[in-house]
$ cat target_6.pdb   # PDB, C-alpha atoms, pLDDT in the B column
ATOM      1  CA  MET A1274     130.395 127.838  -2.036  1.00 90.00           C
ATOM      2  CA  ASN A1275     134.028 128.123  -1.109  1.00 91.00           C
ATOM      3  CA  VAL A1276     137.468 126.969  -2.213  1.00 94.00           C
ATOM      4  CA  LYS A1277     139.574 124.562  -0.226  1.00 95.00           C
ATOM      5  CA  ILE A1278     142.801 122.645  -0.756  1.00 96.00           C
ATOM      6  CA  LEU A1279     141.992 119.037  -1.590  1.00 97.00           C
ATOM      7  CA  THR A1280     143.529 116.081   0.216  1.00 96.00           C
ATOM      8  CA  LYS A1281     145.403 113.369  -1.627  1.00 97.00           C
ATOM      9  CA  GLN A1282     142.397 111.081  -1.124  1.00 96.00           C
ATOM     10  CA  GLN A1283     140.068 113.648  -2.692  1.00 97.00           C
ATOM     11  CA  VAL A1284     142.478 114.149  -5.603  1.00 97.00           C
ATOM     12  CA  GLU A1285     142.654 110.403  -6.197  1.00 97.00           C
ATOM     13  CA  PHE A1286     138.844 110.212  -6.131  1.00 95.00           C
ATOM     14  CA  ILE A1287     138.521 113.109  -8.603  1.00 96.00           C
ATOM     15  CA  TYR A1288     141.186 111.614 -10.852  1.00 96.00           C
ATOM     16  CA  LYS A1289     139.413 108.264 -11.068  1.00 95.00           C
ATOM     17  CA  THR A1290     135.833 109.561 -11.280  1.00 93.00           C
ATOM     18  CA  SER A1291     136.206 112.798 -13.265  1.00 93.00           C
ATOM     19  CA  MET A1292     139.621 113.472 -14.769  1.00 94.00           C
ATOM     20  CA  MET A1293     139.695 110.171 -16.631  1.00 91.00           C
ATOM     21  CA  PHE A1294     136.668 111.449 -18.566  1.00 90.00           C
ATOM     22  CA  ASP A1295     137.320 115.204 -18.520  1.00 90.00           C
ATOM     23  CA  PHE A1296     140.768 115.195 -20.158  1.00 86.00           C
ATOM     24  CA  PRO A1297     142.184 113.131 -23.017  1.00 82.00           C
ATOM     25  CA  ASP A1298     144.990 110.686 -22.266  1.00 83.00           C
ATOM     26  CA  ASP A1299     147.600 112.860 -24.028  1.00 76.00           C
ATOM     27  CA  GLU A1300     146.799 115.832 -21.756  1.00 78.00           C
ATOM     28  CA  ARG A1301     146.334 114.092 -18.410  1.00 87.00           C
ATOM     29  CA  LYS A1302     149.324 113.617 -16.129  1.00 87.00           C
ATOM     30  CA  PRO A1303     149.619 110.259 -14.362  1.00 91.00           C
ATOM     31  CA  LEU A1304     148.050 110.285 -10.894  1.00 94.00           C
ATOM     32  CA  SER A1305     151.381 109.207  -9.389  1.00 94.00           C
ATOM     33  CA  MET A1306     153.050 112.337 -10.789  1.00 91.00           C
ATOM     34  CA  ILE A1307     150.355 114.583  -9.282  1.00 95.00           C
ATOM     35  CA  LEU A1308     150.535 112.914  -5.866  1.00 96.00           C
ATOM     36  CA  GLU A1309     154.346 113.024  -5.841  1.00 94.00           C
ATOM     37  CA  ALA A1310     154.289 116.750  -6.669  1.00 94.00           C
ATOM     38  CA  MET A1311     151.759 117.288  -3.860  1.00 96.00           C
ATOM     39  CA  ASP A1312     154.127 115.467  -1.462  1.00 96.00           C
ATOM     40  CA  LYS A1313     156.947 117.800  -2.534  1.00 94.00           C
ATOM     41  CA  GLY A1314     154.737 120.832  -1.886  1.00 94.00           C
ATOM     42  CA  VAL A1315     154.916 122.070  -5.485  1.00 94.00           C
ATOM     43  CA  TYR A1316     151.391 121.170  -6.580  1.00 95.00           C
ATOM     44  CA  GLU A1317     148.127 122.507  -5.183  1.00 96.00           C
ATOM     45  CA  CYS A1318     144.734 121.042  -5.916  1.00 97.00           C
ATOM     46  CA  LEU A1319     141.773 123.265  -5.153  1.00 97.00           C
ATOM     47  CA  GLY A1320     138.176 122.196  -4.934  1.00 97.00           C
ATOM     48  CA  LEU A1321     135.098 124.318  -5.423  1.00 96.00           C
ATOM     49  CA  MET A1322     133.046 123.058  -2.515  1.00 95.00           C
ATOM     50  CA  GLU A1323     129.480 123.225  -1.375  1.00 93.00           C
ATOM     51  CA  GLU A1324     129.703 121.815   2.135  1.00 91.00           C
ATOM     52  CA  GLU A1325     131.507 118.488   1.508  1.00 90.00           C
ATOM     53  CA  GLU A1326     130.510 118.101  -2.154  1.00 92.00           C
ATOM     54  CA  ILE A1327     133.200 118.811  -4.736  1.00 95.00           C
ATOM     55  CA  LEU A1328     131.581 120.830  -7.526  1.00 95.00           C
ATOM     56  CA  GLY A1329     134.775 121.351  -9.486  1.00 95.00           C
ATOM     57  CA  TYR A1330     138.539 121.202  -9.294  1.00 96.00           C
ATOM     58  CA  ALA A1331     141.552 123.263 -10.330  1.00 96.00           C
ATOM     59  CA  PHE A1332     145.139 122.026 -10.119  1.00 97.00           C
ATOM     60  CA  PHE A1333     148.175 124.308 -10.051  1.00 96.00           C
ATOM     61  CA  TYR A1334     151.907 123.662 -10.231  1.00 95.00           C
ATOM     62  CA  LYS A1335     153.799 126.249  -8.171  1.00 95.00           C
ATOM     63  CA  MET A1336     157.265 127.744  -8.009  1.00 94.00           C
ATOM     64  CA  ASP A1337     157.475 130.316  -5.243  1.00 92.00           C
ATOM     65  CA  LYS A1338     154.748 132.817  -6.203  1.00 94.00           C
ATOM     66  CA  ASP A1339     154.444 131.729  -9.836  1.00 95.00           C
ATOM     67  CA  TYR A1340     151.709 129.262 -10.783  1.00 96.00           C
ATOM     68  CA  LEU A1341     150.991 127.088 -13.783  1.00 96.00           C
ATOM     69  CA  PHE A1342     147.271 126.442 -14.120  1.00 92.00           C
ATOM     70  CA  ASP A1343     147.205 122.768 -14.984  1.00 91.00           C
ATOM     71  CA  PHE A1344     143.589 121.561 -14.934  1.00 92.00           C
ATOM     72  CA  LEU A1345     140.133 123.024 -14.417  1.00 92.00           C
ATOM     73  CA  ALA A1346     136.818 121.218 -14.683  1.00 93.00           C
ATOM     74  CA  MET A1347     133.443 121.074 -13.054  1.00 94.00           C
ATOM     75  CA  THR A1348     132.114 117.652 -12.148  1.00 93.00           C
ATOM     76  CA  ARG A1349     129.650 116.336 -14.733  1.00 89.00           C
ATOM     77  CA  ASP A1350     126.517 117.209 -12.726  1.00 90.00           C
ATOM     78  CA  ASN A1351     127.751 120.757 -12.141  1.00 90.00           C
ATOM     79  CA  ARG A1352     128.524 121.955 -15.662  1.00 89.00           C
ATOM     80  CA  ASN A1353     126.817 124.821 -17.465  1.00 88.00           C
ATOM     81  CA  LYS A1354     125.621 126.379 -14.210  1.00 91.00           C
ATOM     82  CA  GLY A1355     128.075 129.303 -14.062  1.00 90.00           C
ATOM     83  CA  TYR A1356     130.252 127.530 -11.478  1.00 94.00           C
ATOM     84  CA  GLY A1357     133.356 127.595 -13.718  1.00 93.00           C
ATOM     85  CA  SER A1358     133.395 131.387 -13.878  1.00 93.00           C
ATOM     86  CA  LYS A1359     132.743 131.620 -10.146  1.00 93.00           C
ATOM     87  CA  PHE A1360     135.556 129.139  -9.491  1.00 93.00           C
ATOM     88  CA  LEU A1361     138.026 131.146 -11.582  1.00 93.00           C
ATOM     89  CA  GLU A1362     137.010 134.234  -9.609  1.00 91.00           C
ATOM     90  CA  TYR A1363     137.642 132.370  -6.334  1.00 93.00           C
ATOM     91  CA  CYS A1364     140.995 131.074  -7.619  1.00 91.00           C
ATOM     92  CA  ALA A1365     142.064 134.608  -8.586  1.00 91.00           C
ATOM     93  CA  GLU A1366     141.214 135.771  -5.070  1.00 92.00           C
ATOM     94  CA  TYR A1367     142.944 132.756  -3.505  1.00 93.00           C
ATOM     95  CA  TYR A1368     146.155 133.525  -5.457  1.00 93.00           C
ATOM     96  CA  LYS A1369     145.891 137.322  -5.251  1.00 92.00           C
ATOM     97  CA  ASP A1370     149.507 137.578  -4.033  1.00 93.00           C
ATOM     98  CA  ALA A1371     150.901 135.557  -6.938  1.00 94.00           C
ATOM     99  CA  ASN A1372     153.511 137.006  -9.265  1.00 93.00           C
ATOM    100  CA  SER A1373     152.019 135.109 -12.207  1.00 94.00           C
ATOM    101  CA  ILE A1374     149.373 132.572 -13.109  1.00 95.00           C
ATOM    102  CA  ILE A1375     149.812 131.076 -16.544  1.00 96.00           C
ATOM    103  CA  GLY A1376     148.051 128.199 -18.226  1.00 95.00           C
ATOM    104  CA  GLU A1377     147.536 126.618 -21.583  1.00 94.00           C
ATOM    105  CA  VAL A1378     144.608 126.008 -23.890  1.00 94.00           C
ATOM    106  CA  GLU A1379     144.598 123.771 -26.923  1.00 93.00           C
ATOM    107  CA  ASP A1380     145.436 125.729 -30.067  1.00 96.00           C
ATOM    108  CA  PRO A1381     142.343 125.867 -32.327  1.00 97.00           C
ATOM    109  CA  ASP A1382     144.586 126.008 -35.405  1.00 96.00           C
ATOM    110  CA  PHE A1383     145.550 122.366 -34.790  1.00 95.00           C
ATOM    111  CA  ALA A1384     142.039 120.976 -34.306  1.00 95.00           C
ATOM    112  CA  LYS A1385     141.271 117.876 -36.332  1.00 94.00           C
ATOM    113  CA  SER A1386     137.673 118.889 -37.131  1.00 96.00           C
ATOM    114  CA  ASP A1387     135.401 121.936 -37.239  1.00 97.00           C
ATOM    115  CA  GLU A1388     133.620 120.640 -34.134  1.00 96.00           C
ATOM    116  CA  GLU A1389     136.893 120.324 -32.220  1.00 94.00           C
ATOM    117  CA  ARG A1390     137.970 123.789 -33.386  1.00 96.00           C
ATOM    118  CA  GLN A1391     134.711 125.307 -32.113  1.00 97.00           C
ATOM    119  CA  LEU A1392     135.153 123.572 -28.742  1.00 93.00           C
ATOM    120  CA  ARG A1393     138.713 124.887 -28.412  1.00 94.00           C
ATOM    121  CA  GLU A1394     137.604 128.403 -29.346  1.00 96.00           C
ATOM    122  CA  ARG A1395     134.770 128.189 -26.810  1.00 94.00           C
ATOM    123  CA  ARG A1396     137.238 127.171 -24.077  1.00 92.00           C
ATOM    124  CA  MET A1397     139.528 130.083 -24.964  1.00 95.00           C
ATOM    125  CA  GLY A1398     136.569 132.457 -24.876  1.00 95.00           C
ATOM    126  CA  PHE A1399     135.646 131.191 -21.418  1.00 94.00           C
ATOM    127  CA  TYR A1400     139.108 132.022 -20.065  1.00 94.00           C
ATOM    128  CA  PHE A1401     139.239 135.400 -21.826  1.00 95.00           C
ATOM    129  CA  ARG A1402     135.834 136.373 -20.385  1.00 94.00           C
ATOM    130  CA  ASN A1403     137.188 135.500 -16.940  1.00 93.00           C
ATOM    131  CA  GLY A1404     140.280 137.694 -16.866  1.00 92.00           C
ATOM    132  CA  TYR A1405     142.856 135.676 -18.798  1.00 94.00           C
ATOM    133  CA  ARG A1406     144.660 137.010 -21.836  1.00 95.00           C
ATOM    134  CA  GLU A1407     146.588 135.554 -24.732  1.00 95.00           C
ATOM    135  CA  THR A1408     150.333 136.013 -24.222  1.00 97.00           C
ATOM    136  CA  GLY A1409     151.631 135.367 -27.734  1.00 96.00           C
ATOM    137  CA  ALA A1410     153.468 132.263 -26.512  1.00 97.00           C
ATOM    138  CA  LYS A1411     152.712 128.933 -28.182  1.00 97.00           C
ATOM    139  CA  THR A1412     154.000 125.558 -27.103  1.00 96.00           C
ATOM    140  CA  SER A1413     154.014 121.896 -27.903  1.00 95.00           C
ATOM    141  CA  LEU A1414     153.728 119.619 -24.890  1.00 92.00           C
ATOM    142  CA  PHE A1415     153.897 115.866 -25.442  1.00 89.00           C
ATOM    143  CA  GLY A1416     152.785 116.462 -29.031  1.00 90.00           C
ATOM    144  CA  VAL A1417     149.769 118.653 -28.166  1.00 90.00           C
ATOM    145  CA  ASP A1418     149.814 122.243 -29.410  1.00 94.00           C
ATOM    146  CA  PHE A1419     148.845 124.931 -26.905  1.00 95.00           C
ATOM    147  CA  ILE A1420     148.441 128.679 -26.596  1.00 97.00           C
ATOM    148  CA  VAL A1421     149.778 130.014 -23.285  1.00 97.00           C
ATOM    149  CA  ILE A1422     147.391 132.298 -21.416  1.00 97.00           C
ATOM    150  CA  GLU A1423     147.866 134.443 -18.337  1.00 96.00           C
ATOM    151  CA  LEU A1424     145.597 135.776 -15.617  1.00 94.00           C
ATOM    152  CA  LEU A1425     146.144 139.500 -15.322  1.00 84.00           C
ATOM    153  CA  ILE A1426     147.072 140.077 -11.700  1.00 84.00           C
ATOM    154  CA  ASP A1427     149.350 143.055 -11.593  1.00 80.00           C
ATOM    155  CA  ARG A1428     150.810 143.658 -15.019  1.00 84.00           C
ATOM    156  CA  PRO A1429     150.947 141.648 -18.218  1.00 90.00           C
ATOM    157  CA  HIS A1430     154.173 139.723 -18.660  1.00 94.00           C
ATOM    158  CA  SER A1431     156.005 139.885 -21.963  1.00 95.00           C
ATOM    159  CA  LYS A1432     155.906 136.904 -24.306  1.00 96.00           C
ATOM    160  CA  GLU A1433     159.540 136.182 -23.389  1.00 97.00           C
ATOM    161  CA  GLU A1434     158.797 136.307 -19.657  1.00 96.00           C
ATOM    162  CA  VAL A1435     155.849 133.935 -20.102  1.00 96.00           C
ATOM    163  CA  GLU A1436     157.921 131.527 -22.187  1.00 97.00           C
ATOM    164  CA  ALA A1437     160.659 131.535 -19.526  1.00 96.00           C
ATOM    165  CA  LEU A1438     158.115 130.895 -16.743  1.00 95.00           C
ATOM    166  CA  TYR A1439     156.453 128.130 -18.745  1.00 96.00           C
ATOM    167  CA  MET A1440     159.738 126.370 -19.444  1.00 96.00           C
ATOM    168  CA  ALA A1441     160.895 126.778 -15.827  1.00 96.00           C
ATOM    169  CA  HIS A1442     157.696 125.135 -14.560  1.00 95.00           C
ATOM    170  CA  TYR A1443     158.074 122.136 -16.837  1.00 93.00           C
ATOM    171  CA  LYS A1444     161.828 121.867 -16.329  1.00 94.00           C
ATOM    172  CA  SER A1445     161.270 121.552 -12.579  1.00 90.00           C
ATOM    173  CA  MET A1446     158.336 119.185 -13.051  1.00 87.00           C
ATOM    174  CA  LEU A1447     159.643 116.653 -15.577  1.00 88.00           C
ATOM    175  CA  PRO A1448     162.660 114.349 -15.720  1.00 90.00           C
ATOM    176  CA  PRO A1449     165.426 115.893 -17.883  1.00 95.00           C
ATOM    177  CA  ASP A1450     164.950 113.465 -20.793  1.00 96.00           C
ATOM    178  CA  LYS A1451     161.186 114.123 -20.971  1.00 92.00           C
ATOM    179  CA  PHE A1452     161.676 117.884 -20.688  1.00 95.00           C
ATOM    180  CA  ALA A1453     164.281 117.862 -23.480  1.00 95.00           C
ATOM    181  CA  THR A1454     162.127 115.837 -25.872  1.00 95.00           C
ATOM    182  CA  LYS A1455     158.512 116.653 -24.984  1.00 93.00           C
ATOM    183  CA  VAL A1456     158.394 120.395 -24.198  1.00 95.00           C
ATOM    184  CA  ARG A1457     159.117 123.112 -26.677  1.00 95.00           C
ATOM    185  CA  ILE A1458     158.294 126.718 -27.415  1.00 96.00           C
ATOM    186  CA  LYS A1459     157.065 127.272 -30.951  1.00 91.00           C
TER     187      LYS A1459
END
$ encode --input "target_6.pdb" --output "structure tokens"
Amino acid sequence: MNVKILTKQQVEFIYKTSMMFDFPDDERKPLSMILEAMDKGVYECLGLMEEEEILGYAFFYKMDKDYLFDFLAMTRDNRNKGYGSKFLEYCAEYYKDANSIIGEVEDPDFAKSDEERQLRERRMGFYFRNGYRETGAKTSLFGVDFIVIELLIDRPHSKEEVEALYMAHYKSMLPPDKFATKVRIK
């Protein structure tokens, strides 16, 4: 297994065959937005590969050496095999020179059912077991409540630093009207 940067064609394939099922509509960016960001050089899509087969994918928005972890999933046939943990390990190595890698997980406190809460807590546990930590920052993005997490690379960033990085990523990513109305720190 190895990690490689995905082409636009591979990203489009993944979007249509996996992402449409892996992420709810209110969390998934439009494909056009992803491809446009790739064209601008501010979005990297990594694939966990075994020869030419894509086992999983991880998408990152980047500003210089700061990264926002946007999506991670294994393809349906490759789940529950330990590939997710291995992929996070590979991603950490791939971005070893980064200043920061932050991401978001759905806040369990806003789950609509016990089952959804357990799923959200399980996802958080997965990231925490794989080197991420809770930062204390909480956000609302397009009406979805998140907890901001960070991969410990060098040193933990303060809550204020993480909030500033988070807002800077989305401010550079979204049109001003969407940023002003759809992104907030809680």
$ resolve_selection --input "target_6.pdb" --expression "the PyMOL selection byres ((chain A and resi 1309-1322) around 7)" --output "NGL selection string"
:A and (1274-1279 or 1305-1308 or 1323-1336 or 1360)
$ atom_distance --input "target_6.pdb" --atom1 "CA of Tyr1405 in chain A" --atom2 "CA of Asp1298 in chain A"
25.3 Å
$ residues_around --input "target_6.pdb" --residues "Ile1420 in chain A" --least-positions-apart "3" --cutoff "6 Å" --atoms "all atoms listed in the file" --output "VMD selection string"
chain A and resid 1377 to 1378 1380 1411
$ residues_around --input "target_6.pdb" --residues "Ser1358 in chain A" --least-positions-apart "6" --cutoff "12 Å" --atoms "all atoms listed in the file" --output "ChimeraX atom specification"
/A:1321,1329,1345-1347,1352,1364-1365,1396,1398-1405
$ write_last_selection --input "target_6.pdb" --atoms "C-alpha atoms" --output "short mmCIF file (atom, residue, chain, number, x, y, z; two decimals), in the coordinates of the input"
data_model
loop_
_atom_site.label_atom_id
_atom_site.label_comp_id
_atom_site.auth_asym_id
_atom_site.auth_seq_id
_atom_site.Cartn_x
_atom_site.Cartn_y
_atom_site.Cartn_z
CA LEU A 1321 135.10 124.32 -5.42
CA GLY A 1329 134.78 121.35 -9.49
CA LEU A 1345 140.13 123.02 -14.42
CA ALA A 1346 136.82 121.22 -14.68
CA MET A 1347 133.44 121.07 -13.05
CA ARG A 1352 128.52 121.96 -15.66
CA CYS A 1364 141.00 131.07 -7.62
CA ALA A 1365 142.06 134.61 -8.59
CA ARG A 1396 137.24 127.17 -24.08
CA GLY A 1398 136.57 132.46 -24.88
CA PHE A 1399 135.65 131.19 -21.42
CA TYR A 1400 139.11 132.02 -20.07
CA PHE A 1401 139.24 135.40 -21.83
CA ARG A 1402 135.83 136.37 -20.39
CA ASN A 1403 137.19 135.50 -16.94
CA GLY A 1404 140.28 137.69 -16.87
CA TYR A 1405 142.86 135.68 -18.80
#
$ closest_residue --input "target_6.pdb" --among "A:Glu1389, A:Glu1366, A:Ser1373, A:Met1293" --to "Asp1337 in chain A" --atoms "all atoms listed in the file"
A:Ser1373
$ resolve_selection --input "target_6.pdb" --expression "the PyMOL selection byres ((chain A and resi 1429-1446) around 9)" --output "PyMOL selection string"
chain A and resi 1306+1310+1315+1334-1336+1339-1341+1373+1375-1376+1406+1408-1412+1421-1428+1447-1449+1452-1453+1456-1458
$ axis_aligned_box --input "target_6.pdb" --around "range 1447-1453 of chain A" --padding-each-side "5 Å" --output "AutoDock Vina command-line options"
--center_x 162.5 --center_y 115.7 --center_z -19.5 --size_x 15.8 --size_y 14.4 --size_z 17.9
$ build_atoms --input "target_6.pdb" --residues "range 1311-1333 of chain A" --atoms "N, CA and C atoms" --output "short mmCIF file (atom, residue, chain, number, x, y, z; two decimals), in the frame of the given file"
data_model
loop_
_atom_site.label_atom_id
_atom_site.label_comp_id
_atom_site.auth_asym_id
_atom_site.auth_seq_id
_atom_site.Cartn_x
_atom_site.Cartn_y
_atom_site.Cartn_z
N MET A 1311 152.44 116.82 -5.08
CA MET A 1311 151.76 117.29 -3.86
C MET A 1311 152.64 117.01 -2.64
N ASP A 1312 153.24 115.82 -2.58
CA ASP A 1312 154.13 115.47 -1.46
C ASP A 1312 155.31 116.42 -1.37
N LYS A 1313 155.81 116.88 -2.51
CA LYS A 1313 156.95 117.80 -2.53
C LYS A 1313 156.53 119.24 -2.23
N GLY A 1314 155.22 119.48 -2.17
CA GLY A 1314 154.74 120.83 -1.89
C GLY A 1314 154.77 121.77 -3.07
N VAL A 1315 154.84 121.22 -4.29
CA VAL A 1315 154.92 122.07 -5.48
C VAL A 1315 153.66 121.98 -6.34
N TYR A 1316 152.63 121.35 -5.82
CA TYR A 1316 151.39 121.17 -6.58
C TYR A 1316 150.22 121.36 -5.63
N GLU A 1317 149.31 122.26 -6.00
CA GLU A 1317 148.13 122.51 -5.18
C GLU A 1317 146.88 122.15 -5.97
N CYS A 1318 146.00 121.45 -5.32
CA CYS A 1318 144.73 121.04 -5.92
C CYS A 1318 143.61 121.70 -5.12
N LEU A 1319 142.87 122.55 -5.80
CA LEU A 1319 141.77 123.26 -5.15
C LEU A 1319 140.45 122.66 -5.57
N GLY A 1320 139.52 122.65 -4.64
CA GLY A 1320 138.18 122.20 -4.93
C GLY A 1320 137.18 123.32 -4.73
N LEU A 1321 136.24 123.44 -5.63
CA LEU A 1321 135.10 124.32 -5.42
C LEU A 1321 134.09 123.48 -4.66
N MET A 1322 133.82 123.89 -3.44
CA MET A 1322 133.05 123.06 -2.52
C MET A 1322 131.71 123.69 -2.17
N GLU A 1323 130.73 122.84 -2.00
CA GLU A 1323 129.48 123.22 -1.38
C GLU A 1323 129.29 122.22 -0.25
N GLU A 1324 129.58 122.68 0.97
CA GLU A 1324 129.70 121.82 2.13
C GLU A 1324 130.79 120.79 1.83
N GLU A 1325 130.47 119.51 1.78
CA GLU A 1325 131.51 118.49 1.51
C GLU A 1325 131.50 118.00 0.06
N GLU A 1326 130.59 118.52 -0.75
CA GLU A 1326 130.51 118.10 -2.15
C GLU A 1326 131.51 118.89 -2.99
N ILE A 1327 132.26 118.18 -3.81
CA ILE A 1327 133.20 118.81 -4.74
C ILE A 1327 132.44 119.11 -6.03
N LEU A 1328 132.29 120.41 -6.31
CA LEU A 1328 131.58 120.83 -7.53
C LEU A 1328 132.52 120.91 -8.72
N GLY A 1329 133.78 121.21 -8.43
CA GLY A 1329 134.78 121.35 -9.49
C GLY A 1329 136.16 121.32 -8.89
N TYR A 1330 137.16 121.28 -9.76
CA TYR A 1330 138.54 121.20 -9.29
C TYR A 1330 139.46 122.00 -10.20
N ALA A 1331 140.51 122.53 -9.61
CA ALA A 1331 141.55 123.26 -10.33
C ALA A 1331 142.89 122.87 -9.72
N PHE A 1332 143.82 122.47 -10.57
CA PHE A 1332 145.14 122.03 -10.12
C PHE A 1332 146.19 123.00 -10.62
N PHE A 1333 147.13 123.33 -9.74
CA PHE A 1333 148.18 124.31 -10.05
C PHE A 1333 149.55 123.76 -9.67
#
